[in-house]
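What follows is one structure encoded as structure tokens, with my remarks underneath.
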Amino acid sequence: MRDTLSIVISAYNEEENISEIYRRLKTVVSSLSLRVVEYIFVDDGSTDQTFNCCLKLQAIDPEVKIVRLSRNFGHETAMTAGLDHASGEAVIFIDADLQHPPEYVRDMVRLWQNGHDVVLTRRIDNEAVSPLYKLGANIFYYLLNALSDTPIPANTPDFRLLGQKYINFLKSFDERDSLFRGALAWGISVNHLATIDFTAPRRLTGKSKYTLLKSLRLAFNSILQFSVKPLYLSMWLAALTALFALGLEVDVIAERYLLHNPTPGYATIVITTLIMGTINLTVLTIIGAYIAKIHVETKKRPLYLADFITAEKPLEGEAAAEPEHVTHNS
């Protein structure tokens, strides 16, 4: 029977939301037929009281475990750290900012217990962001799927459940710069998986940690991670530029020797130089981005450094054990 579950809660400067998400998760889980549940809070290098809030929960509930990253490694790495320390037959990923309503965990678990090894969610609306942000998100998914070899359904966040088969599949990736949504979509067709629609509510407290710069970086990395189409796009761009230059050259020659009306000044030369220079820089930038990815991957540095803290108590007469110091190398 499927009855052991790990819930990985990613948190970065969410001191005001830790108690609330824990309370709501406990309420939901109490209505489910589960034998073992563990709540793994991943503190992604928070600079506020997030870690202390997690410790307070652990003091009253031994099911709470904490992975404390030594600095802010980013959302994807935080999820990986939680996955590394999860022991359940299934793992649910959820963010501590309450933009992923914990009440949907009930439906996810029931679908899993009915035989679905992957349960996705789809955000049909987001009350916490502006129309401009929504437009940007739609453009992001359009460009991502246009340039990527691995289609990723729009508005499917990392709020999802994975069974043991797919947990092992994700752990088999040996990459420094991973993207959970892309990795899963690369391995299986996600279009026909069980999916739960939800509306992201307005934020209870705080503000989004995804700044414009972080969002752009995610978009850029997503395209580079799962596609080589930009390299072929560079090739076609160079070919079109060459055709344009050839046509311009034919026009200049025809005007001078056939129409006896030579183009005055150096405007044509300057424009051609600027166009060619811009195209060259664009192509080199794309190539450089891929080389940079190769550079990072070949170093094989640990993905993160973290302390894994559980509520286990030392035997009588023994000193309390230091937190387990963990590095991730896969």
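Every chain in the structure tokens takes a letter, A first, then B, and so on in the order presented; its residues are numbered from 1, and the ligands are numbered from 1 following the presented order.
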Practice prompt. Using only C-alpha atoms, determine which residues lie at most 7 Å from Ile124 of chain A, disregarding the query and same-chain residues fewer than 5 positions distant; provide the list as a count of residues only.
Written response: 3
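Proximity to Phe41 of chain A at 9 Å, evaluated using only C-alpha atoms and with sequence-adjacent residues fewer than 6 positions away removed, yields Ile7, Val8, Ile9, Ser10, Ala11, Ile18, Phe51, Cys54, Val64, Lys65, Ile66, Val67, Arg68, Gly82 and Ala96 of chain A.
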Pairwise distance, atom CA of Phe140 of chain A with atom CA of Arg123 of chain A, equals 14.9 Å
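Each of A:Val29, A:Ile21, A:Leu248, A:Asn52 was checked against Val105 of chain A using only C-alpha atoms; the smallest atom-to-atom distance is that of A:Val29.
Near segment 2-4 of chain A, within 12 Å and counting only C-alpha atoms, sit Val29, Leu32, Ser33, Leu34, Arg35, Val36, Val37, Glu38, Tyr39, Glu63, Ala86, Ser87, Gly88, Glu89, Ala90, Val91, Ile92, Val109, Arg110, Leu111, Trp112, Gln113, Asn114, Gly115, His116, Asp117, Gly163 and Gln164 of chain A, not including residues fewer than 4 positions from it in the same chain.
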note - atom CA of Lys229 of chain A and atom CA of Thr150 of chain A are separated by 10.9 Å
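Note that atom CA of Thr121 of chain A and atom CA of Pro157 of chain A are 6.8 Å apart.
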If you count only C-alpha atoms, the residue of A:Asp44, A:Tyr104, A:Gln58, A:Ser189 closest to Thr77 of chain A turns out to be A:Asp44
Counting only C-alpha atoms, closest pick from A:Arg24, A:Lys56, A:His75, A:Arg160 relative to Asp43 of chain A is A:His75
